[in-house]
Amino acid sequence: METSKIAFITGANRGLGLEIGRQLGKLKIKVLLGARNEESGREAASQLKTEGIDAEFIPIDVTDNKSIENAASVVKRRYGKLDILINNAVFFNRENQSPSIIPPDLLHNYLNTNFIGPVLVSQAFLPLIRESSAGRIVNLSTSIGSLATMGDSVNTNPKIATATPLGYSSSKAALNMFTVLLAKELKETNIKVNSADPGLTQTDMGGKDATYTVEEGARPVVWLACLDEHGPTGGFFSHKKVNPW
Ligand SMILES: NC(=O)c1ccc[n+]([C@@H]2O[C@H](COP(=O)([O-])OP(=O)(O)OC[C@H]3O[C@@H](n4cnc5c(N)ncnc54)[C@H](OP(=O)(O)O)[C@@H]3O)[C@@H](O)[C@H]2O)c1
């Protein structure tokens with residue numbers, strides 16, 4: 001008999017990451033909550049445990065290669081495999097990031113955390129995901145990482161039609177390319193790789209007036225994490241709808 005499924009989520013101490021852990025845990029999946037802050041990572045795991053979820057904190061800073069390698073080796077030593085990887089951690093701040101003025105350090109931070117981080121995390125965990133009978137990788141993306149959506153200057157949403165967040169959008173567009181190419185590379189395996197767009201969600205990043213509650217925002221991610229063997233790979237989905245690239 002196969003051992004129970006194991007999921008690892010980056011940036012899982014709060015926001016969508018924590019809620020994705022909660023929803024996967026309610027499906028009887030063991031959840032490994034990755035967080036760079038030890039105190040809030042442990043607190044998040046304790047919180048889920050009080051809700052009857054099998055949760056554990058794993059330290060990880062997705063901008064630090066040593067920390068990524070340590071996290072992968074802890075999971076290898078304790079479990080020998082990984083079924084679900086959720087690349088959720090994000091860098092985001094309110095500084096002006098328009099293309100004409102974005103400072104190099106800010107651009108670097110966006111790309112480092114939101115694109116290079118998930119690539120390095122996936123590389124480190126891939127040998128463990130190959131040990132799963134049905135590996136799933138979900139990259140947290142956004143509609144504003146879509147070239148088609150951001151290039152549409154008459155978008156029905158006036159905020160999107162005028163927004164110019166080069167740092168965040170380019171990091172998620174690059175992440176989408178990672179989804180496409182990794183899925184292509186793994187096409188002959190039982191690993192599926194997809195990008196998920198939770199939609200504007202009520203977290204510290206999305207703000208309290210966002211469209212979706214955190215429970216709702218986590219659902220498309222959990223759906224992609226739990227796809228059966230007939231499910232898609234190399235796609236970009238929001239609430240079961242296909243997003244344009
Ligand atoms: N909220 C939305 O409206 C929305 C919409 C579309 C897509 N998304 C995507 O959904 C994902 C989650 O967003 P969210 O709204 O839940 O964000 P959030 O509430 O701001 O949480 C961000 C999480 O990322 C962690 N993090 C940041 N840098 C990290 C690093 N270097 N290493 C490890 N963890 C790090 C944070 O940890 P600390 O607590 O230590 O800072 C925190 O746990 C992101 O990928 C985002 O792009 C969100």
# chains A, B, ... in the order shown; residues from 1 in each chain; ligands from 1
$ closest_atom_pairs --of "chain A" --to "ligand 1" --cutoff "8 Å" --atoms "only C-alpha atoms and all ligand atoms" --output "CSV"
residue,atom,partner,partner_atom_place_in_ligand_line,distance
A:Thr10,CA,ligand 1,34 (N),5.8
A:Gly11,CA,ligand 1,43 (O),3.6
A:Ala12,CA,ligand 1,43 (O),5.1
A:Asn13,CA,ligand 1,43 (O),4.8
A:Arg14,CA,ligand 1,43 (O),4.8
A:Gly15,CA,ligand 1,16 (O),3.6
A:Leu16,CA,ligand 1,16 (O),3.7
A:Gly17,CA,ligand 1,16 (O),5.6
A:Leu18,CA,ligand 1,43 (O),7.7
A:Gly34,CA,ligand 1,33 (C),7.1
A:Ala35,CA,ligand 1,34 (N),5.2
A:Arg36,CA,ligand 1,33 (C),4.7
A:Asn37,CA,ligand 1,40 (O),5.1
A:Ser40,CA,ligand 1,39 (O),7.2
A:Ile60,CA,ligand 1,33 (C),5.7
A:Asp61,CA,ligand 1,32 (N),3.5
A:Val62,CA,ligand 1,32 (N),4.1
A:Thr63,CA,ligand 1,31 (N),4.9
A:Asp64,CA,ligand 1,31 (N),7.5
A:Asn87,CA,ligand 1,45 (O),7.1
A:Asn88,CA,ligand 1,45 (O),4.3
A:Ala89,CA,ligand 1,24 (O),3.5
A:Val90,CA,ligand 1,24 (O),4.4
A:Phe91,CA,ligand 1,28 (N),5.1
A:Phe92,CA,ligand 1,20 (O),6.9
A:Thr113,CA,ligand 1,31 (N),5.6
A:Asn114,CA,ligand 1,45 (O),7.0
A:Gly117,CA,ligand 1,31 (N),7.7
A:Asn139,CA,ligand 1,45 (O),7.5
A:Leu140,CA,ligand 1,45 (O),4.5
A:Ser141,CA,ligand 1,7 (C),5.2
A:Thr142,CA,ligand 1,6 (C),4.3
A:Ser143,CA,ligand 1,6 (C),7.0
A:Ile144,CA,ligand 1,6 (C),7.9
A:Tyr168,CA,ligand 1,47 (O),7.9
A:Lys172,CA,ligand 1,47 (O),7.4
A:Ala196,CA,ligand 1,7 (C),7.9
A:Asp197,CA,ligand 1,7 (C),5.5
A:Pro198,CA,ligand 1,6 (C),5.2
A:Gly199,CA,ligand 1,5 (C),4.8
A:Leu200,CA,ligand 1,3 (O),3.4
A:Thr201,CA,ligand 1,3 (O),3.7
A:Gln202,CA,ligand 1,1 (N),5.9
A:Thr203,CA,ligand 1,19 (O),4.6
A:Asp204,CA,ligand 1,19 (O),4.4
A:Met205,CA,ligand 1,20 (O),4.2
A:Gly206,CA,ligand 1,3 (O),3.7
A:Gly207,CA,ligand 1,3 (O),7.2
A:Ala210,CA,ligand 1,3 (O),6.6
A:Tyr212,CA,ligand 1,3 (O),7.9
A:Gly217,CA,ligand 1,2 (C),7.7
$ write_last_selection --atoms "C-alpha atoms" --output "PDB file, in the first residue's frame"
ATOM      1  CA  THR A  10       6.648  27.560   0.330  1.00  0.00           C
ATOM      2  CA  GLY A  11       5.609  30.742   2.166  1.00  0.00           C
ATOM      3  CA  ALA A  12       3.047  28.737   4.137  1.00  0.00           C
ATOM      4  CA  ASN A  13       3.120  30.657   7.425  1.00  0.00           C
ATOM      5  CA  ARG A  14       0.343  33.038   6.347  1.00  0.00           C
ATOM      6  CA  GLY A  15      -1.977  34.068   3.512  1.00  0.00           C
ATOM      7  CA  LEU A  16      -2.750  31.676   0.678  1.00  0.00           C
ATOM      8  CA  GLY A  17       0.120  29.331   1.554  1.00  0.00           C
ATOM      9  CA  LEU A  18      -1.315  28.612   5.005  1.00  0.00           C
ATOM     10  CA  GLY A  34       7.768  25.917   4.389  1.00  0.00           C
ATOM     11  CA  ALA A  35       8.542  29.299   5.962  1.00  0.00           C
ATOM     12  CA  ARG A  36      11.620  31.493   6.331  1.00  0.00           C
ATOM     13  CA  ASN A  37      10.601  32.716   9.789  1.00  0.00           C
ATOM     14  CA  SER A  40       5.634  32.010  12.493  1.00  0.00           C
ATOM     15  CA  ILE A  60      13.097  27.523   3.839  1.00  0.00           C
ATOM     16  CA  ASP A  61      14.102  30.863   2.354  1.00  0.00           C
ATOM     17  CA  VAL A  62      13.530  30.550  -1.391  1.00  0.00           C
ATOM     18  CA  THR A  63      16.236  33.159  -2.123  1.00  0.00           C
ATOM     19  CA  ASP A  64      18.906  31.116  -0.336  1.00  0.00           C
ATOM     20  CA  ASN A  87       5.621  27.278  -5.219  1.00  0.00           C
ATOM     21  CA  ASN A  88       3.693  29.960  -3.341  1.00  0.00           C
ATOM     22  CA  ALA A  89       6.199  32.333  -1.626  1.00  0.00           C
ATOM     23  CA  VAL A  90       6.194  35.813  -3.091  1.00  0.00           C
ATOM     24  CA  PHE A  91       8.034  39.116  -2.982  1.00  0.00           C
ATOM     25  CA  PHE A  92       5.666  42.060  -3.359  1.00  0.00           C
ATOM     26  CA  THR A 113      11.994  35.432  -5.098  1.00  0.00           C
ATOM     27  CA  ASN A 114       9.183  34.931  -7.620  1.00  0.00           C
ATOM     28  CA  GLY A 117      13.334  30.812  -6.219  1.00  0.00           C
ATOM     29  CA  ASN A 139       3.278  27.521  -9.461  1.00  0.00           C
ATOM     30  CA  LEU A 140       1.306  30.434  -8.011  1.00  0.00           C
ATOM     31  CA  SER A 141       0.881  32.928 -10.800  1.00  0.00           C
ATOM     32  CA  THR A 142      -1.535  35.769 -11.537  1.00  0.00           C
ATOM     33  CA  SER A 143      -3.579  37.226 -14.380  1.00  0.00           C
ATOM     34  CA  ILE A 144      -1.247  40.228 -14.285  1.00  0.00           C
ATOM     35  CA  TYR A 168       5.830  41.569 -10.286  1.00  0.00           C
ATOM     36  CA  LYS A 172       5.178  35.783 -12.913  1.00  0.00           C
ATOM     37  CA  ALA A 196      -2.565  28.646 -10.822  1.00  0.00           C
ATOM     38  CA  ASP A 197      -4.133  32.093 -10.582  1.00  0.00           C
ATOM     39  CA  PRO A 198      -6.047  32.444  -7.292  1.00  0.00           C
ATOM     40  CA  GLY A 199      -7.552  35.783  -8.404  1.00  0.00           C
ATOM     41  CA  LEU A 200      -7.409  38.911  -6.249  1.00  0.00           C
ATOM     42  CA  THR A 201      -7.537  37.412  -2.739  1.00  0.00           C
ATOM     43  CA  GLN A 202      -7.917  38.870   0.768  1.00  0.00           C
ATOM     44  CA  THR A 203      -4.381  38.398   2.116  1.00  0.00           C
ATOM     45  CA  ASP A 204      -1.743  40.906   3.268  1.00  0.00           C
ATOM     46  CA  MET A 205      -0.762  41.179  -0.398  1.00  0.00           C
ATOM     47  CA  GLY A 206      -4.253  41.322  -1.945  1.00  0.00           C
ATOM     48  CA  GLY A 207      -5.769  43.604   0.714  1.00  0.00           C
ATOM     49  CA  ALA A 210     -10.017  41.840  -2.694  1.00  0.00           C
ATOM     50  CA  TYR A 212     -11.985  36.359  -3.095  1.00  0.00           C
ATOM     51  CA  GLY A 217      -8.469  31.881  -3.539  1.00  0.00           C
TER      52      GLY A 217
END
$ select_by_dssp --residues "chain A" --states "strand (DSSP E or B)" --output "mmCIF file with N, CA, C and O atoms, in the first residue's frame"
data_model
loop_
_atom_site.group_PDB
_atom_site.id
_atom_site.type_symbol
_atom_site.label_atom_id
_atom_site.label_comp_id
_atom_site.auth_asym_id
_atom_site.auth_seq_id
_atom_site.Cartn_x
_atom_site.Cartn_y
_atom_site.Cartn_z
ATOM 1 N N ILE A 6 2.156 13.490 0.533
ATOM 2 C CA ILE A 6 2.878 14.543 1.246
ATOM 3 C C ILE A 6 2.980 15.769 0.336
ATOM 4 O O ILE A 6 3.353 15.645 -0.842
ATOM 5 N N ALA A 7 2.657 16.931 0.898
ATOM 6 C CA ALA A 7 2.739 18.184 0.136
ATOM 7 C C ALA A 7 3.702 19.144 0.836
ATOM 8 O O ALA A 7 3.739 19.198 2.067
ATOM 9 N N PHE A 8 4.464 19.890 0.046
ATOM 10 C CA PHE A 8 5.347 20.930 0.587
ATOM 11 C C PHE A 8 4.959 22.264 -0.040
ATOM 12 O O PHE A 8 4.848 22.366 -1.267
ATOM 13 N N ILE A 9 4.764 23.259 0.812
ATOM 14 C CA ILE A 9 4.296 24.576 0.350
ATOM 15 C C ILE A 9 5.285 25.631 0.808
ATOM 16 O O ILE A 9 5.605 25.702 2.012
ATOM 17 N N LYS A 30 -0.500 14.884 4.196
ATOM 18 C CA LYS A 30 0.416 15.436 5.194
ATOM 19 C C LYS A 30 1.001 16.725 4.635
ATOM 20 O O LYS A 30 1.511 16.724 3.503
ATOM 21 N N VAL A 31 0.936 17.831 5.391
ATOM 22 C CA VAL A 31 1.408 19.094 4.842
ATOM 23 C C VAL A 31 2.679 19.585 5.540
ATOM 24 O O VAL A 31 2.731 19.707 6.766
ATOM 25 N N LEU A 32 3.676 19.860 4.729
ATOM 26 C CA LEU A 32 4.941 20.407 5.213
ATOM 27 C C LEU A 32 4.906 21.891 4.893
ATOM 28 O O LEU A 32 4.875 22.293 3.721
ATOM 29 N N LEU A 33 4.855 22.699 5.949
ATOM 30 C CA LEU A 33 4.704 24.149 5.777
ATOM 31 C C LEU A 33 6.086 24.791 5.721
ATOM 32 O O LEU A 33 6.779 24.873 6.742
ATOM 33 N N GLY A 34 6.482 25.243 4.547
ATOM 34 C CA GLY A 34 7.768 25.917 4.389
ATOM 35 C C GLY A 34 7.634 27.380 4.765
ATOM 36 O O GLY A 34 6.709 28.059 4.327
ATOM 37 N N ALA A 35 8.560 27.875 5.597
ATOM 38 C CA ALA A 35 8.542 29.299 5.962
ATOM 39 C C ALA A 35 9.961 29.734 6.297
ATOM 40 O O ALA A 35 10.757 28.930 6.790
ATOM 41 N N ALA A 55 0.411 18.449 10.177
ATOM 42 C CA ALA A 55 1.225 19.539 9.627
ATOM 43 C C ALA A 55 2.579 19.598 10.323
ATOM 44 O O ALA A 55 2.692 19.279 11.510
ATOM 45 N N GLU A 56 3.576 20.054 9.571
ATOM 46 C CA GLU A 56 4.936 20.145 10.123
ATOM 47 C C GLU A 56 5.626 21.358 9.495
ATOM 48 O O GLU A 56 5.439 21.628 8.312
ATOM 49 N N PHE A 57 6.403 22.053 10.279
ATOM 50 C CA PHE A 57 7.151 23.221 9.774
ATOM 51 C C PHE A 57 8.509 22.783 9.210
ATOM 52 O O PHE A 57 9.212 21.994 9.837
ATOM 53 N N ILE A 58 8.838 23.307 8.028
ATOM 54 C CA ILE A 58 10.169 23.075 7.436
ATOM 55 C C ILE A 58 10.755 24.449 7.098
ATOM 56 O O ILE A 58 10.149 25.203 6.323
ATOM 57 N N PRO A 59 11.937 24.813 7.663
ATOM 58 C CA PRO A 59 12.505 26.127 7.340
ATOM 59 C C PRO A 59 12.950 26.207 5.870
ATOM 60 O O PRO A 59 13.590 25.275 5.382
ATOM 61 N N ILE A 84 3.426 16.531 -3.780
ATOM 62 C CA ILE A 84 2.902 17.832 -4.236
ATOM 63 C C ILE A 84 3.861 18.940 -3.810
ATOM 64 O O ILE A 84 4.214 19.032 -2.627
ATOM 65 N N LEU A 85 4.276 19.757 -4.766
ATOM 66 C CA LEU A 85 5.080 20.948 -4.447
ATOM 67 C C LEU A 85 4.288 22.181 -4.867
ATOM 68 O O LEU A 85 3.874 22.288 -6.026
ATOM 69 N N ILE A 86 4.100 23.087 -3.924
ATOM 70 C CA ILE A 86 3.395 24.338 -4.231
ATOM 71 C C ILE A 86 4.396 25.489 -4.098
ATOM 72 O O ILE A 86 4.838 25.820 -2.987
ATOM 73 N N ASN A 87 4.734 26.107 -5.222
ATOM 74 C CA ASN A 87 5.621 27.278 -5.219
ATOM 75 C C ASN A 87 4.762 28.515 -5.002
ATOM 76 O O ASN A 87 4.196 29.076 -5.947
ATOM 77 N N ARG A 136 2.863 16.338 -8.480
ATOM 78 C CA ARG A 136 2.172 17.552 -8.952
ATOM 79 C C ARG A 136 2.970 18.771 -8.499
ATOM 80 O O ARG A 136 3.307 18.888 -7.305
ATOM 81 N N ILE A 137 3.242 19.686 -9.439
ATOM 82 C CA ILE A 137 3.891 20.964 -9.092
ATOM 83 C C ILE A 137 2.927 22.076 -9.487
ATOM 84 O O ILE A 137 2.443 22.104 -10.626
ATOM 85 N N VAL A 138 2.635 22.957 -8.542
ATOM 86 C CA VAL A 138 1.757 24.088 -8.846
ATOM 87 C C VAL A 138 2.525 25.378 -8.566
ATOM 88 O O VAL A 138 3.046 25.584 -7.460
ATOM 89 N N ASN A 139 2.615 26.224 -9.587
ATOM 90 C CA ASN A 139 3.278 27.521 -9.461
ATOM 91 C C ASN A 139 2.214 28.601 -9.330
ATOM 92 O O ASN A 139 1.339 28.732 -10.196
ATOM 93 N N LEU A 140 2.291 29.370 -8.234
ATOM 94 C CA LEU A 140 1.306 30.434 -8.011
ATOM 95 C C LEU A 140 1.606 31.610 -8.911
ATOM 96 O O LEU A 140 2.632 32.276 -8.754
ATOM 97 N N LYS A 192 2.812 16.296 -13.193
ATOM 98 C CA LYS A 192 2.100 17.377 -13.887
ATOM 99 C C LYS A 192 2.506 18.719 -13.277
ATOM 100 O O LYS A 192 2.646 18.835 -12.056
ATOM 101 N N VAL A 193 2.699 19.699 -14.164
ATOM 102 C CA VAL A 193 3.150 21.028 -13.730
ATOM 103 C C VAL A 193 2.173 22.071 -14.285
ATOM 104 O O VAL A 193 1.950 22.119 -15.505
ATOM 105 N N ASN A 194 1.591 22.880 -13.418
ATOM 106 C CA ASN A 194 0.647 23.900 -13.877
ATOM 107 C C ASN A 194 0.832 25.209 -13.116
ATOM 108 O O ASN A 194 1.350 25.214 -11.992
ATOM 109 N N SER A 195 0.388 26.292 -13.746
ATOM 110 C CA SER A 195 0.319 27.593 -13.075
ATOM 111 C C SER A 195 -1.108 27.820 -12.600
ATOM 112 O O SER A 195 -2.067 27.549 -13.343
ATOM 113 N N ALA A 196 -1.238 28.352 -11.381
ATOM 114 C CA ALA A 196 -2.565 28.646 -10.822
ATOM 115 C C ALA A 196 -2.682 30.142 -10.555
ATOM 116 O O ALA A 196 -1.763 30.753 -10.016
ATOM 117 N N THR A 201 -7.134 38.127 -3.959
ATOM 118 C CA THR A 201 -7.537 37.412 -2.739
ATOM 119 C C THR A 201 -7.190 38.216 -1.493
ATOM 120 O O THR A 201 -6.147 38.876 -1.439
ATOM 121 N N TYR A 212 -11.792 37.699 -3.670
ATOM 122 C CA TYR A 212 -11.985 36.359 -3.095
ATOM 123 C C TYR A 212 -11.543 36.293 -1.635
ATOM 124 O O TYR A 212 -10.543 36.922 -1.254
ATOM 125 N N PHE A 236 -2.450 27.026 -17.501
ATOM 126 C CA PHE A 236 -2.566 28.199 -16.625
ATOM 127 C C PHE A 236 -4.060 28.358 -16.315
ATOM 128 O O PHE A 236 -4.852 28.625 -17.228
ATOM 129 N N PHE A 237 -4.429 28.159 -15.050
ATOM 130 C CA PHE A 237 -5.842 28.062 -14.703
ATOM 131 C C PHE A 237 -6.207 28.976 -13.544
ATOM 132 O O PHE A 237 -5.443 29.151 -12.606
ATOM 133 N N SER A 238 -7.441 29.506 -13.646
ATOM 134 C CA SER A 238 -8.002 30.273 -12.548
ATOM 135 C C SER A 238 -9.411 29.771 -12.315
ATOM 136 O O SER A 238 -10.241 29.843 -13.235
ATOM 137 N N LYS A 241 -11.027 27.771 -14.959
ATOM 138 C CA LYS A 241 -11.054 28.348 -16.308
ATOM 139 C C LYS A 241 -9.604 28.486 -16.795
ATOM 140 O O LYS A 241 -8.693 28.751 -15.995
ATOM 141 N N VAL A 242 -9.418 28.357 -18.130
ATOM 142 C CA VAL A 242 -8.078 28.524 -18.692
ATOM 143 C C VAL A 242 -7.769 30.014 -18.776
ATOM 144 O O VAL A 242 -8.590 30.797 -19.256
#
$ residues_around --residues "Pro244 of chain A" --least-positions-apart "5" --cutoff "8 Å" --atoms "only C-alpha atoms" --output "number ranges by chain"
A: 146, 148-149, 236
$ write_last_selection --atoms "N, CA, C and O atoms" --output "PDB file, in the first residue's frame"
ATOM      1  N   SER A 146       0.155  37.660 -17.157  1.00  0.00           N
ATOM      2  CA  SER A 146      -0.208  37.248 -18.527  1.00  0.00           C
ATOM      3  C   SER A 146       0.134  38.359 -19.512  1.00  0.00           C
ATOM      4  O   SER A 146      -0.331  39.494 -19.374  1.00  0.00           O
ATOM      5  N   ALA A 148      -0.893  38.507 -22.567  1.00  0.00           N
ATOM      6  CA  ALA A 148      -2.120  38.835 -23.307  1.00  0.00           C
ATOM      7  C   ALA A 148      -2.972  39.820 -22.503  1.00  0.00           C
ATOM      8  O   ALA A 148      -3.458  40.824 -23.037  1.00  0.00           O
ATOM      9  N   THR A 149      -3.122  39.555 -21.214  1.00  0.00           N
ATOM     10  CA  THR A 149      -3.967  40.420 -20.376  1.00  0.00           C
ATOM     11  C   THR A 149      -3.330  41.794 -20.190  1.00  0.00           C
ATOM     12  O   THR A 149      -3.988  42.832 -20.339  1.00  0.00           O
ATOM     13  N   PHE A 236      -2.450  27.026 -17.501  1.00  0.00           N
ATOM     14  CA  PHE A 236      -2.566  28.199 -16.625  1.00  0.00           C
ATOM     15  C   PHE A 236      -4.060  28.358 -16.315  1.00  0.00           C
ATOM     16  O   PHE A 236      -4.852  28.625 -17.228  1.00  0.00           O
TER      17      PHE A 236
END
$ closest_residue --among "A:Leu182, A:Leu126, A:Ala218, A:Cys226" --to "Arg22 of chain A" --atoms "only C-alpha atoms"
A:Ala218
$ residues_around --residues "Ile102 of chain A" --least-positions-apart "5" --cutoff "10 Å" --atoms "only C-alpha atoms" --output "VMD selection string"
chain A and resid 95 to 97 107 165 to 167
$ atom_distance --atom1 "atom CA of Ser133 of chain A" --atom2 "atom CA of Asn70 of chain A"
23.8 Å
$ decode --residues "segment 158-184 of chain A" --atoms "N, CA and C atoms" --output "tab-separated table (two decimals), in the first residue's frame"
chain	number	residue	atom	x	y	z
A	158	PRO	N	-10.44	48.54	-15.58
A	158	PRO	CA	-9.62	49.73	-15.82
A	158	PRO	C	-8.30	49.71	-15.05
A	159	LYS	N	-8.29	49.03	-13.90
A	159	LYS	CA	-7.05	48.97	-13.11
A	159	LYS	C	-6.00	48.19	-13.89
A	160	ILE	N	-6.43	47.08	-14.52
A	160	ILE	CA	-5.49	46.26	-15.30
A	160	ILE	C	-5.07	47.01	-16.57
A	161	ALA	N	-6.02	47.73	-17.18
A	161	ALA	CA	-5.72	48.43	-18.44
A	161	ALA	C	-4.62	49.48	-18.25
A	162	THR	N	-4.49	50.02	-17.03
A	162	THR	CA	-3.50	51.09	-16.82
A	162	THR	C	-2.31	50.66	-15.95
A	163	ALA	N	-2.35	49.45	-15.39
A	163	ALA	CA	-1.28	49.03	-14.46
A	163	ALA	C	0.01	48.72	-15.21
A	164	THR	N	1.17	49.07	-14.59
A	164	THR	CA	2.47	48.83	-15.23
A	164	THR	C	3.49	48.25	-14.24
A	165	PRO	N	3.12	47.19	-13.53
A	165	PRO	CA	4.02	46.65	-12.49
A	165	PRO	C	5.09	45.71	-13.08
A	166	LEU	N	6.13	46.28	-13.65
A	166	LEU	CA	7.11	45.45	-14.38
A	166	LEU	C	7.73	44.35	-13.51
A	167	GLY	N	8.08	44.68	-12.26
A	167	GLY	CA	8.77	43.69	-11.42
A	167	GLY	C	7.90	42.46	-11.18
A	168	TYR	N	6.72	42.69	-10.63
A	168	TYR	CA	5.83	41.57	-10.29
A	168	TYR	C	5.38	40.82	-11.55
A	169	SER	N	4.91	41.58	-12.56
A	169	SER	CA	4.36	40.92	-13.75
A	169	SER	C	5.41	40.13	-14.50
A	170	SER	N	6.62	40.68	-14.64
A	170	SER	CA	7.65	39.95	-15.39
A	170	SER	C	8.09	38.70	-14.62
A	171	SER	N	8.11	38.79	-13.28
A	171	SER	CA	8.51	37.60	-12.50
A	171	SER	C	7.50	36.48	-12.68
A	172	LYS	N	6.21	36.82	-12.77
A	172	LYS	CA	5.18	35.78	-12.91
A	172	LYS	C	5.09	35.32	-14.37
A	173	ALA	N	5.37	36.20	-15.33
A	173	ALA	CA	5.41	35.76	-16.74
A	173	ALA	C	6.55	34.76	-16.92
A	174	ALA	N	7.69	35.04	-16.29
A	174	ALA	CA	8.83	34.12	-16.37
A	174	ALA	C	8.48	32.80	-15.68
A	175	LEU	N	7.77	32.88	-14.56
A	175	LEU	CA	7.34	31.67	-13.85
A	175	LEU	C	6.40	30.84	-14.74
A	176	ASN	N	5.52	31.53	-15.47
A	176	ASN	CA	4.64	30.81	-16.40
A	176	ASN	C	5.45	30.06	-17.46
A	177	MET	N	6.52	30.69	-17.95
A	177	MET	CA	7.37	30.01	-18.93
A	177	MET	C	8.03	28.77	-18.30
A	178	PHE	N	8.41	28.89	-17.04
A	178	PHE	CA	8.97	27.73	-16.33
A	178	PHE	C	7.93	26.60	-16.31
A	179	THR	N	6.68	26.95	-16.02
A	179	THR	CA	5.60	25.94	-16.01
A	179	THR	C	5.55	25.21	-17.35
A	180	VAL	N	5.51	25.99	-18.43
A	180	VAL	CA	5.37	25.42	-19.77
A	180	VAL	C	6.55	24.50	-20.10
A	181	LEU	N	7.74	24.99	-19.84
A	181	LEU	CA	8.93	24.23	-20.25
A	181	LEU	C	9.19	23.02	-19.35
A	182	LEU	N	8.93	23.16	-18.05
A	182	LEU	CA	9.14	22.01	-17.17
A	182	LEU	C	8.11	20.92	-17.49
A	183	ALA	N	6.86	21.35	-17.74
A	183	ALA	CA	5.82	20.36	-18.10
A	183	ALA	C	6.23	19.63	-19.38
A	184	LYS	N	6.78	20.37	-20.34
A	184	LYS	CA	7.21	19.77	-21.60
A	184	LYS	C	8.34	18.76	-21.35
